[in-house]
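Shown below: upload.tsv, with TSV, C-alpha atoms.
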```
chain	number	residue	atom	x	y	z
A	1	MET	CA	25.79	-31.55	19.56
A	2	LEU	CA	23.03	-31.19	16.96
A	3	ASP	CA	20.45	-30.86	19.73
A	4	THR	CA	22.44	-27.97	21.18
A	5	LEU	CA	22.78	-26.14	17.87
A	6	PHE	CA	19.24	-26.92	16.68
A	7	PRO	CA	16.93	-27.43	19.69
A	8	HIS	CA	13.87	-27.32	17.41
A	9	GLY	CA	15.42	-29.33	14.56
A	10	ILE	CA	15.96	-27.90	11.11
A	11	ALA	CA	12.77	-29.04	9.31
A	12	PRO	CA	10.55	-25.99	10.08
A	13	TYR	CA	13.40	-23.64	9.20
A	14	ALA	CA	14.46	-25.33	5.96
A	15	GLY	CA	10.80	-25.88	5.00
A	16	GLY	CA	9.94	-22.24	5.61
A	17	GLY	CA	13.03	-21.19	3.67
A	18	LEU	CA	11.97	-23.33	0.71
A	19	LEU	CA	8.55	-21.63	0.71
A	20	ILE	CA	10.15	-18.16	0.86
A	21	GLY	CA	12.52	-19.16	-1.95
A	22	ALA	CA	9.59	-20.46	-4.01
A	23	GLY	CA	7.87	-17.09	-3.62
A	24	VAL	CA	10.97	-15.14	-4.66
A	25	ALA	CA	11.54	-17.57	-7.57
A	26	LEU	CA	7.93	-17.36	-8.82
A	27	LEU	CA	8.02	-13.56	-8.70
A	28	PHE	CA	11.20	-13.53	-10.80
A	29	VAL	CA	10.28	-16.22	-13.32
A	30	ALA	CA	6.75	-14.87	-13.89
A	31	THR	CA	7.35	-11.11	-13.86
A	32	GLY	CA	11.14	-10.61	-13.88
A	33	ARG	CA	10.97	-8.67	-10.59
A	34	VAL	CA	13.49	-9.01	-7.75
A	35	GLY	CA	11.59	-8.88	-4.49
A	36	GLY	CA	13.38	-7.81	-1.36
A	37	MET	CA	10.90	-6.52	1.18
A	38	SER	CA	12.43	-3.30	2.50
A	39	THR	CA	11.92	-1.21	-0.66
A	40	VAL	CA	8.15	-1.16	-0.10
A	41	PHE	CA	8.73	1.00	2.97
A	42	SER	CA	10.21	3.73	0.74
A	43	ALA	CA	7.90	3.06	-2.22
A	44	VAL	CA	4.69	3.68	-0.23
A	45	TRP	CA	5.91	7.18	0.65
A	46	SER	CA	5.84	7.97	-3.09
A	47	PHE	CA	2.01	7.94	-2.84
A	48	VAL	CA	2.02	11.00	-0.55
A	49	SER	CA	5.45	12.66	-0.37
A	50	GLY	CA	6.83	15.23	-2.79
A	51	ALA	CA	10.39	14.80	-1.46
A	52	THR	CA	12.87	14.27	-4.31
A	53	HIS	CA	14.03	10.90	-3.04
A	54	PHE	CA	10.55	9.39	-3.14
A	55	ARG	CA	9.82	10.70	-6.66
A	56	GLN	CA	12.34	8.31	-8.26
A	57	ARG	CA	11.02	6.01	-10.94
A	58	ARG	CA	12.31	2.96	-9.07
A	59	TYR	CA	9.77	3.71	-6.32
A	60	VAL	CA	6.87	5.18	-8.29
A	61	ASP	CA	6.96	2.51	-10.99
A	62	SER	CA	7.25	-0.40	-8.55
A	63	ARG	CA	5.01	0.71	-5.67
A	64	LEU	CA	1.89	-1.11	-6.86
A	65	TRP	CA	3.43	-4.55	-7.28
A	66	ARG	CA	5.37	-4.10	-4.05
A	67	CYS	CA	2.11	-3.36	-2.21
A	68	VAL	CA	0.45	-6.42	-3.78
A	69	LEU	CA	3.45	-8.54	-2.73
A	70	ALA	CA	3.20	-7.15	0.83
A	71	ALA	CA	-0.54	-7.91	0.92
A	72	GLY	CA	0.34	-11.46	-0.14
A	73	LEU	CA	2.72	-11.74	2.82
A	74	VAL	CA	-0.11	-10.92	5.23
A	75	VAL	CA	-2.47	-13.39	3.51
A	76	GLY	CA	0.16	-16.15	3.37
A	77	ALA	CA	1.07	-15.81	7.04
A	78	ALA	CA	-2.63	-15.78	7.99
A	79	LEU	CA	-3.27	-18.93	5.91
A	80	TRP	CA	-0.37	-20.78	7.55
A	81	THR	CA	-1.35	-19.64	11.04
A	82	TYR	CA	-5.12	-19.99	11.01
A	83	ALA	CA	-6.08	-22.25	8.07
A	84	GLY	CA	-3.00	-24.38	8.69
A	85	GLY	CA	-3.64	-24.55	12.42
A	86	HIS	CA	-0.26	-23.27	13.61
A	87	PRO	CA	-1.09	-20.64	16.24
A	88	MET	CA	1.90	-18.81	17.65
A	89	PRO	CA	2.53	-16.80	20.80
A	90	VAL	CA	2.18	-13.01	20.72
A	91	THR	CA	5.56	-11.40	21.29
A	92	THR	CA	6.62	-10.14	24.71
A	93	VAL	CA	9.51	-8.04	23.37
A	94	PRO	CA	9.07	-4.55	24.93
A	95	THR	CA	7.24	-2.05	22.72
A	96	LEU	CA	10.13	0.41	22.95
A	97	HIS	CA	12.49	-2.23	21.52
A	98	LEU	CA	10.03	-3.06	18.73
A	99	VAL	CA	9.55	0.58	17.72
A	100	VAL	CA	13.15	1.82	18.06
A	101	GLY	CA	14.51	-1.40	16.54
A	102	GLY	CA	12.01	-1.06	13.70
A	103	PHE	CA	13.09	2.52	13.07
A	104	LEU	CA	16.79	1.61	12.90
A	105	ALA	CA	16.03	-1.46	10.76
A	106	GLY	CA	13.95	0.66	8.36
A	107	PHE	CA	16.54	3.43	8.18
A	108	GLY	CA	19.50	1.07	7.79
A	109	ALA	CA	17.83	-1.22	5.25
A	110	ARG	CA	16.97	1.71	3.00
A	111	MET	CA	20.44	3.18	3.34
A	112	ALA	CA	21.96	-0.19	2.46
A	113	ASN	CA	19.34	-0.72	-0.27
A	114	GLY	CA	18.36	-4.11	1.16
A	115	CYS	CA	17.52	-6.14	4.25
A	116	THR	CA	17.52	-9.79	5.27
A	117	SER	CA	15.52	-10.64	2.15
A	118	GLY	CA	16.99	-8.08	-0.28
A	119	HIS	CA	20.64	-8.81	0.50
A	120	GLY	CA	20.32	-12.10	2.41
A	121	ILE	CA	18.12	-13.90	-0.12
A	122	CYS	CA	17.95	-11.98	-3.42
A	123	GLY	CA	21.49	-10.58	-3.24
A	124	LEU	CA	23.11	-13.88	-2.23
A	125	ALA	CA	20.98	-15.71	-4.80
A	126	SER	CA	22.39	-13.46	-7.52
A	127	ARG	CA	25.90	-13.98	-6.07
A	128	GLN	CA	26.65	-10.32	-5.37
A	129	ALA	CA	29.75	-9.73	-3.27
A	130	SER	CA	28.30	-6.48	-1.87
A	131	SER	CA	25.26	-8.36	-0.57
A	132	LEU	CA	27.48	-10.98	1.08
A	133	ALA	CA	29.38	-8.13	2.77
A	134	ALA	CA	26.10	-6.57	3.90
A	135	VAL	CA	24.93	-9.92	5.35
A	136	VAL	CA	28.18	-10.40	7.27
A	137	VAL	CA	27.98	-6.84	8.66
A	138	PHE	CA	24.31	-6.95	9.73
A	139	MET	CA	24.65	-10.44	11.22
A	140	ALA	CA	27.60	-9.19	13.30
A	141	THR	CA	25.91	-6.02	14.60
A	142	ALA	CA	22.61	-7.87	15.20
A	143	MET	CA	24.33	-10.61	17.22
A	144	ALA	CA	26.28	-8.01	19.22
A	145	THR	CA	23.13	-6.00	19.90
A	146	ALA	CA	20.94	-8.97	20.86
A	147	ASN	CA	23.58	-10.33	23.26
A	148	LEU	CA	24.20	-6.88	24.76
A	149	VAL	CA	20.48	-6.27	25.32
A	150	ALA	CA	20.08	-9.72	26.89
A	151	ALA	CA	23.02	-9.07	29.22
A	152	LEU	CA	21.65	-5.69	30.34
A	153	ARG	CA	18.09	-6.86	31.07
B	1	MET	CA	0.54	-4.82	-20.07
B	2	THR	CA	-0.51	-2.50	-17.29
B	3	PRO	CA	1.42	0.77	-16.68
B	4	GLN	CA	3.93	-1.03	-14.48
B	5	GLY	CA	4.82	-3.51	-17.22
B	6	ILE	CA	3.07	-6.46	-15.61
B	7	SER	CA	0.25	-8.26	-17.46
B	8	PRO	CA	-3.03	-9.10	-15.61
B	9	LEU	CA	-1.97	-12.71	-14.93
B	10	GLY	CA	1.33	-11.31	-13.67
B	11	TRP	CA	-0.52	-9.53	-10.86
B	12	VAL	CA	-1.93	-12.88	-9.79
B	13	ALA	CA	1.61	-14.27	-9.82
B	14	VAL	CA	2.81	-11.35	-7.65
B	15	LEU	CA	0.06	-12.05	-5.11
B	16	VAL	CA	0.78	-15.80	-5.08
B	17	SER	CA	4.49	-15.04	-4.68
B	18	GLY	CA	3.67	-12.93	-1.63
B	19	ILE	CA	1.45	-15.67	-0.21
B	20	LEU	CA	4.26	-18.25	-0.54
B	21	PHE	CA	6.73	-15.77	0.97
B	22	GLY	CA	4.40	-14.96	3.89
B	23	ALA	CA	3.55	-18.60	4.57
B	24	GLY	CA	7.28	-19.34	4.61
B	25	LEU	CA	7.96	-16.53	7.08
B	26	ALA	CA	5.26	-17.96	9.39
B	27	ALA	CA	6.33	-21.59	8.88
B	28	SER	CA	9.97	-20.76	9.66
B	29	ARG	CA	8.80	-18.81	12.76
B	30	MET	CA	10.60	-15.67	11.56
B	31	VAL	CA	7.43	-13.76	12.55
B	32	GLU	CA	8.23	-14.53	16.22
B	33	PRO	CA	10.91	-12.07	17.47
B	34	GLU	CA	11.75	-14.51	20.28
B	35	VAL	CA	12.88	-17.11	17.71
B	36	VAL	CA	14.99	-14.55	15.83
B	37	LEU	CA	16.57	-13.28	19.05
B	38	ALA	CA	17.36	-16.87	20.14
B	39	PHE	CA	19.23	-17.27	16.84
B	40	LEU	CA	21.12	-14.00	17.33
B	41	ARG	CA	22.02	-15.09	20.88
B	42	PHE	CA	23.48	-18.39	19.57
B	43	GLN	CA	20.73	-20.49	21.17
B	44	ASP	CA	19.22	-21.91	17.96
B	45	PHE	CA	21.05	-21.83	14.62
B	46	GLY	CA	18.02	-23.01	12.62
B	47	LEU	CA	17.52	-19.62	11.02
B	48	LEU	CA	20.63	-20.19	8.90
B	49	PHE	CA	18.56	-22.80	7.06
B	50	VAL	CA	15.80	-20.26	6.34
B	51	MET	CA	18.16	-17.91	4.52
B	52	GLY	CA	20.14	-20.80	3.03
B	53	ALA	CA	17.19	-22.70	1.59
B	54	ALA	CA	15.50	-19.52	0.34
B	55	ALA	CA	18.69	-18.23	-1.33
B	56	LEU	CA	19.31	-21.65	-2.90
B	57	VAL	CA	15.86	-21.87	-4.50
B	58	ALA	CA	15.92	-18.22	-5.58
B	59	GLY	CA	19.46	-18.65	-6.91
B	60	ILE	CA	18.41	-21.51	-9.18
B	61	ALA	CA	15.58	-19.37	-10.59
B	62	TYR	CA	17.84	-16.32	-11.02
B	63	ALA	CA	20.45	-18.41	-12.86
B	64	LEU	CA	18.16	-20.48	-15.08
B	65	ALA	CA	15.19	-18.26	-16.02
B	66	PRO	CA	17.14	-15.66	-18.06
B	67	ARG	CA	18.88	-18.50	-19.96
B	68	LEU	CA	15.74	-20.47	-20.73
B	69	LEU	CA	13.35	-17.58	-21.42
B	70	ALA	CA	13.84	-14.53	-23.66
B	71	LYS	CA	11.65	-12.58	-21.25
B	72	PRO	CA	9.36	-13.36	-18.31
B	73	PRO	CA	5.89	-14.51	-19.47
B	74	PHE	CA	4.07	-11.74	-17.53
B	75	GLY	CA	6.69	-8.96	-17.52
B	76	ALA	CA	8.95	-6.98	-19.85
B	77	ARG	CA	12.42	-8.10	-18.71
B	78	PHE	CA	14.44	-9.83	-16.00
B	79	ASP	CA	15.67	-7.39	-13.33
B	80	VAL	CA	18.87	-7.60	-11.25
B	81	HIS	CA	19.13	-6.81	-7.53
B	82	PRO	CA	20.73	-3.32	-7.43
B	83	SER	CA	23.59	-3.98	-5.03
B	84	ARG	CA	26.60	-1.69	-4.73
B	85	PHE	CA	29.85	-2.19	-2.85
B	86	ASP	CA	29.98	1.22	-1.20
B	87	ARG	CA	29.96	2.97	2.15
B	88	PRO	CA	26.16	3.42	2.47
B	89	THR	CA	25.65	-0.32	1.92
B	90	LEU	CA	28.03	-1.25	4.75
B	91	VAL	CA	27.01	1.55	7.17
B	92	GLY	CA	23.32	0.94	6.42
B	93	ALA	CA	23.75	-2.80	6.99
B	94	ALA	CA	25.40	-2.09	10.36
B	95	ILE	CA	22.51	0.18	11.43
B	96	PHE	CA	19.98	-2.33	10.11
B	97	GLY	CA	21.61	-5.07	12.20
B	98	ILE	CA	21.43	-3.00	15.38
B	99	GLY	CA	17.71	-2.51	14.83
B	100	TRP	CA	17.17	-6.17	13.95
B	101	GLY	CA	19.07	-7.26	17.06
B	102	LEU	CA	17.04	-4.90	19.26
B	103	ALA	CA	13.56	-5.75	17.94
B	104	GLY	CA	14.06	-9.25	16.53
B	105	VAL	CA	12.01	-8.12	13.54
B	106	CYS	CA	13.08	-7.37	9.95
B	107	PRO	CA	10.92	-5.92	7.13
B	108	GLY	CA	9.30	-9.13	5.80
B	109	PRO	CA	8.24	-10.50	9.21
B	110	ALA	CA	7.01	-7.03	10.31
B	111	ILE	CA	4.49	-7.22	7.46
B	112	ALA	CA	3.73	-10.96	7.62
B	113	GLY	CA	3.44	-10.84	11.43
B	114	LEU	CA	0.15	-8.99	11.07
B	115	GLY	CA	-1.35	-11.94	9.21
B	116	ALA	CA	-0.01	-14.30	11.88
B	117	GLY	CA	-1.83	-12.30	14.54
B	118	ASN	CA	1.35	-10.98	16.19
B	119	LEU	CA	-0.13	-7.50	16.49
B	120	PRO	CA	2.60	-5.89	18.67
B	121	LEU	CA	4.74	-6.05	15.52
B	122	LEU	CA	2.65	-3.07	14.31
B	123	GLY	CA	5.05	-1.02	16.46
B	124	SER	CA	7.99	-2.25	14.38
B	125	LEU	CA	6.05	-1.70	11.16
B	126	ALA	CA	5.41	1.93	12.15
B	127	GLY	CA	9.06	2.32	13.15
B	128	MET	CA	10.23	0.97	9.77
B	129	LEU	CA	7.94	3.33	7.84
B	130	ALA	CA	9.30	6.24	9.89
B	131	GLY	CA	12.89	5.05	9.46
B	132	ALA	CA	12.49	4.71	5.69
B	133	TYR	CA	10.95	8.21	5.54
B	134	VAL	CA	13.73	9.86	7.56
B	135	GLN	CA	16.36	8.05	5.50
B	136	GLY	CA	14.86	9.01	2.15
B	137	ARG	CA	13.79	12.56	3.09
B	138	TRP	CA	16.97	13.76	4.78
B	139	PHE	CA	19.70	11.26	3.88
B	140	GLY	CA	18.64	9.90	0.48
B	141	GLY	CA	19.40	12.96	-1.66
B	142	ASP	CA	22.77	11.72	-2.90
B	143	ASP	CA	21.27	8.75	-4.72
B	144	PRO	CA	22.68	8.65	-8.27
B	145	SER	CA	19.33	7.75	-9.83
B	146	SER	CA	17.35	10.54	-8.11
B	147	ALA	CA	17.43	12.61	-11.29
B	148	ALA	CA	14.63	10.52	-12.81
B	149	ALA	CA	11.91	12.30	-10.83
B	150	VAL	CA	8.16	11.80	-11.18
B	151	PRO	CA	5.59	14.36	-9.92
B	152	VAL	CA	3.21	13.30	-7.10
B	153	ALA	CA	0.00	13.41	-9.14
B	154	ARG	CA	0.25	10.79	-11.87
```
Turn the structure described in the file into structure tokens.
Amino acid sequence: MLDTLFPHGIAPYAGGGLLIGAGVALLFVATGRVGGMSTVFSAVWSFVSGATHFRQRRYVDSRLWRCVLAAGLVVGAALWTYAGGHPMPVTTVPTLHLVVGGFLAGFGARMANGCTSGHGICGLASRQASSLAAVVVFMATAMATANLVAALR
Amino acid sequence: MTPQGISPLGWVAVLVSGILFGAGLAASRMVEPEVVLAFLRFQDFGLLFVMGAAALVAGIAYALAPRLLAKPPFGARFDVHPSRFDRPTLVGAAIFGIGWGLAGVCPGPAIAGLGAGNLPLLGSLAGMLAGAYVQGRWFGGDDPSSAAAVPVAR
């Protein structure tokens, strides 16, 4: 039963989750900031766009720390992969799926004001009912989409 | 304090936070779309433990820090995740899920994947930047806080 549900065990998943949680916790305790990752995709546009939406203080005033946090993500993943000696396979998901899926994920996350980390980690961690609703909704549509795509291929 | 209300040591803390976050995304294999898609296709439920463990640790910090500290040591105040129970949140979450289920990539792993050498994820990263632009430029105008505008040159 457990082997069927968790063919790779739970240690790498729980361990990775603890590291992610430690990062989110450190950010909050040290600086008071709540760090979901999707906001950086809107905040970086405030560097170049004059559109009203991107001129909001919540983007302009947070864009620098969000960029530093994002740079940390790249460094942390590189350290785990290369310094830690955990090479991983390059994805074979079709480019069209990656790009179109990325577009919809970016659009939807900004519309919902949060993604897997913003609602799924930060929102649930602060016990917000709206984030729980968002998690239930995006899990449902993601599972439906992934199964549909697998069935059609 | 720098203009963004974070002291110099705070910037180090932000970077270290990102490094922990990114290492966790790689360690949990969230940066591999195949692993995410296997979860979404009910083949491996391990990813529940990624979100669960991360939310648990973050939840303890969110609950305790504001009670134990008057303010964060390197910042001005403790923020709250701005979540609203409204239509855009639910519709946006539904659209986000469709994209996540198609690509197997969400915003954090799209960024961290570059560090892990999963370079095809650049396609998702570009898609997310475009999606965030289209959303903000043409669909973001009704945001209640958009009145607090800041000119481009600052």
Notebook entry, point to check: What gap, in Å, lies between CA of Leu114 in chain B and CA of Phe96 in chain B?
Noted result: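 Result for CA of Leu114 in chain B versus CA of Phe96 in chain B: 20.9 Å, one decimal.
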Margin query: Which residues are close to range 76-81 of chain A, i.e. within 12 Å by only C-alpha atoms, leaving aside same-chain residues fewer than 6 positions away? Reply as a PyMOL selection string.
Written below: (chain A and resi 16+19-20+23+69-70+87-89) or (chain B and resi 15-32+108-118)
Check: Out of A:Thr4, A:Thr31, A:Thr95, A:Thr39, which residue has the shortest atom-to-atom distance to Gly118 in chain A when counting only C-alpha atoms?
Finding: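 The answer is A:Thr39, which sits nearest to Gly118 in chain A.
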Check: What does the distance between CA of Phe54 in chain A and CA of Met37 in chain A come to in Å, to one decimal place?
Finding: 16.5 Å
Check: Pick from A:Ala11, A:Gly32, A:Pro94, A:Leu64: nearest to chain B, with only C-alpha atoms counted?
Finding: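 Ranking A:Ala11, A:Gly32, A:Pro94, A:Leu64 by distance to chain B, first place goes to A:Gly32.
Distance annotation: of A:Arg153, A:Thr116, A:His86, A:Ser130, the residue with the minimal separation from Leu48 in chain B is A:Thr116; atom set is only C-alpha atoms.
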Notebook entry, point to check: Any idea what the distance is between CA of Phe6 in chain A and CA of Ala53 in chain B?
Noted result: 15.8 Å
Next item on the list: Check the smallest atom-to-atom distance from each of A:Gly36, A:Val93, A:Ser46, A:Gly21 to Val35 in chain B using all atoms listed in the file, then report the winner.
Entry: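 Closest to Val35 in chain B, using all atoms listed in the file: A:Val93.
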Margin query: Report as JSON, numbers by chain all protein, DNA and RNA residues lying within 12 Å of Asp3 in chain A, evaluated on only C-alpha atoms, omitting residues in the same chain fewer than 3 positions from it.
Written below: {"A": [6, 7, 8, 9, 10], "B": [43, 44, 45, 46]}
Notebook entry, point to check: Which is closest to chain B among A:Gly85, A:Arg66, A:Leu98, A:Arg127, if we use only C-alpha atoms?
Noted result: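 For chain B, the nearest of the given residues is A:Leu98.
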Using only C-alpha atoms, can you list as a PDB file with C-alpha atoms, in the coordinates of the input the residues within 9 Å of (23.1, 2.3, 3.8)?
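The resulting out_26.pdb:
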```pdb
ATOM      1  CA  PHE A 107      16.540   3.430   8.180  1.00  0.00           C
ATOM      2  CA  GLY A 108      19.500   1.070   7.790  1.00  0.00           C
ATOM      3  CA  ALA A 109      17.830  -1.220   5.250  1.00  0.00           C
ATOM      4  CA  ARG A 110      16.970   1.710   3.000  1.00  0.00           C
ATOM      5  CA  MET A 111      20.440   3.180   3.340  1.00  0.00           C
ATOM      6  CA  ALA A 112      21.960  -0.190   2.460  1.00  0.00           C
ATOM      7  CA  ASN A 113      19.340  -0.720  -0.270  1.00  0.00           C
ATOM      8  CA  GLY A 114      18.360  -4.110   1.160  1.00  0.00           C
TER       9      GLY A 114
ATOM     10  CA  ASP B  86      29.980   1.220  -1.200  1.00  0.00           C
ATOM     11  CA  ARG B  87      29.960   2.970   2.150  1.00  0.00           C
ATOM     12  CA  PRO B  88      26.160   3.420   2.470  1.00  0.00           C
ATOM     13  CA  THR B  89      25.650  -0.320   1.920  1.00  0.00           C
ATOM     14  CA  LEU B  90      28.030  -1.250   4.750  1.00  0.00           C
ATOM     15  CA  VAL B  91      27.010   1.550   7.170  1.00  0.00           C
ATOM     16  CA  GLY B  92      23.320   0.940   6.420  1.00  0.00           C
ATOM     17  CA  ALA B  93      23.750  -2.800   6.990  1.00  0.00           C
ATOM     18  CA  ALA B  94      25.400  -2.090  10.360  1.00  0.00           C
ATOM     19  CA  ILE B  95      22.510   0.180  11.430  1.00  0.00           C
ATOM     20  CA  PHE B  96      19.980  -2.330  10.110  1.00  0.00           C
TER      21      PHE B  96
END
```
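Comparing the minimum interatomic distances between Val48 in chain A and each of B:Trp138, B:Phe49, B:Phe74, B:Tyr133, counting all atoms listed in the file, we find that B:Tyr133 sits nearest.
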Next item on the list: Place a sphere of radius 12 Å on (18.3, -25.8, -3.3) in the file coordinates and name every protein, DNA or RNA residue with an atom inside or on its surface, counting all atoms listed in the file; give the answer as a list in words.
Entry: Ala14, Gly15, Gly17, Leu18, Leu19, Ile20, Gly21, Ala22, Ala25 and Ala125 of chain A; Phe49, Val50, Met51, Gly52, Ala53, Ala54, Ala55, Leu56, Val57, Ala58, Gly59, Ile60 and Ala61 of chain B
Will you give me range 19-27 of chain B, written with all heavy atoms and laid out as a compact mmCIF listing (two decimals), in the first residue's frame?
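Saved file decode.txt follows:
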```txt
# COMPACT_ATOMS: atom_id res chain seq x y z
N ILE B 19 18.26 30.65 -0.81
CA ILE B 19 19.13 29.47 -1.00
C ILE B 19 18.49 28.23 -0.35
O ILE B 19 18.45 27.15 -0.94
CB ILE B 19 20.54 29.75 -0.43
CG1 ILE B 19 21.27 30.77 -1.32
CG2 ILE B 19 21.35 28.46 -0.31
CD1 ILE B 19 22.59 31.27 -0.78
N LEU B 20 17.96 28.39 0.86
CA LEU B 20 17.27 27.27 1.53
C LEU B 20 16.07 26.83 0.70
O LEU B 20 15.84 25.63 0.48
CB LEU B 20 16.82 27.69 2.94
CG LEU B 20 17.90 27.84 3.99
CD1 LEU B 20 17.35 28.54 5.23
CD2 LEU B 20 18.47 26.48 4.38
N PHE B 21 15.27 27.80 0.25
CA PHE B 21 14.08 27.55 -0.55
C PHE B 21 14.47 26.78 -1.83
O PHE B 21 13.88 25.74 -2.17
CB PHE B 21 13.44 28.91 -0.90
CG PHE B 21 11.99 28.87 -1.30
CD1 PHE B 21 11.12 29.87 -0.86
CD2 PHE B 21 11.49 27.90 -2.14
CE1 PHE B 21 9.77 29.87 -1.23
CE2 PHE B 21 10.14 27.90 -2.52
CZ PHE B 21 9.30 28.88 -2.07
N GLY B 22 15.49 27.27 -2.52
CA GLY B 22 15.91 26.65 -3.79
C GLY B 22 16.48 25.26 -3.58
O GLY B 22 16.21 24.34 -4.37
N ALA B 23 17.28 25.10 -2.52
CA ALA B 23 17.82 23.76 -2.23
C ALA B 23 16.68 22.80 -1.92
O ALA B 23 16.69 21.63 -2.35
CB ALA B 23 18.79 23.84 -1.05
N GLY B 24 15.66 23.28 -1.21
CA GLY B 24 14.50 22.45 -0.90
C GLY B 24 13.72 22.06 -2.14
O GLY B 24 13.26 20.92 -2.26
N LEU B 25 13.59 22.99 -3.08
CA LEU B 25 12.88 22.68 -4.33
C LEU B 25 13.63 21.62 -5.12
O LEU B 25 13.03 20.74 -5.75
CB LEU B 25 12.70 23.95 -5.18
CG LEU B 25 11.66 24.94 -4.67
CD1 LEU B 25 11.74 26.25 -5.45
CD2 LEU B 25 10.26 24.35 -4.79
N ALA B 26 14.98 21.68 -5.09
CA ALA B 26 15.78 20.66 -5.80
C ALA B 26 15.74 19.34 -5.04
O ALA B 26 15.56 18.27 -5.64
CB ALA B 26 17.22 21.15 -5.97
N ALA B 27 15.89 19.40 -3.70
CA ALA B 27 15.90 18.18 -2.90
C ALA B 27 14.59 17.42 -2.99
O ALA B 27 14.55 16.19 -3.02
CB ALA B 27 16.22 18.52 -1.43
```
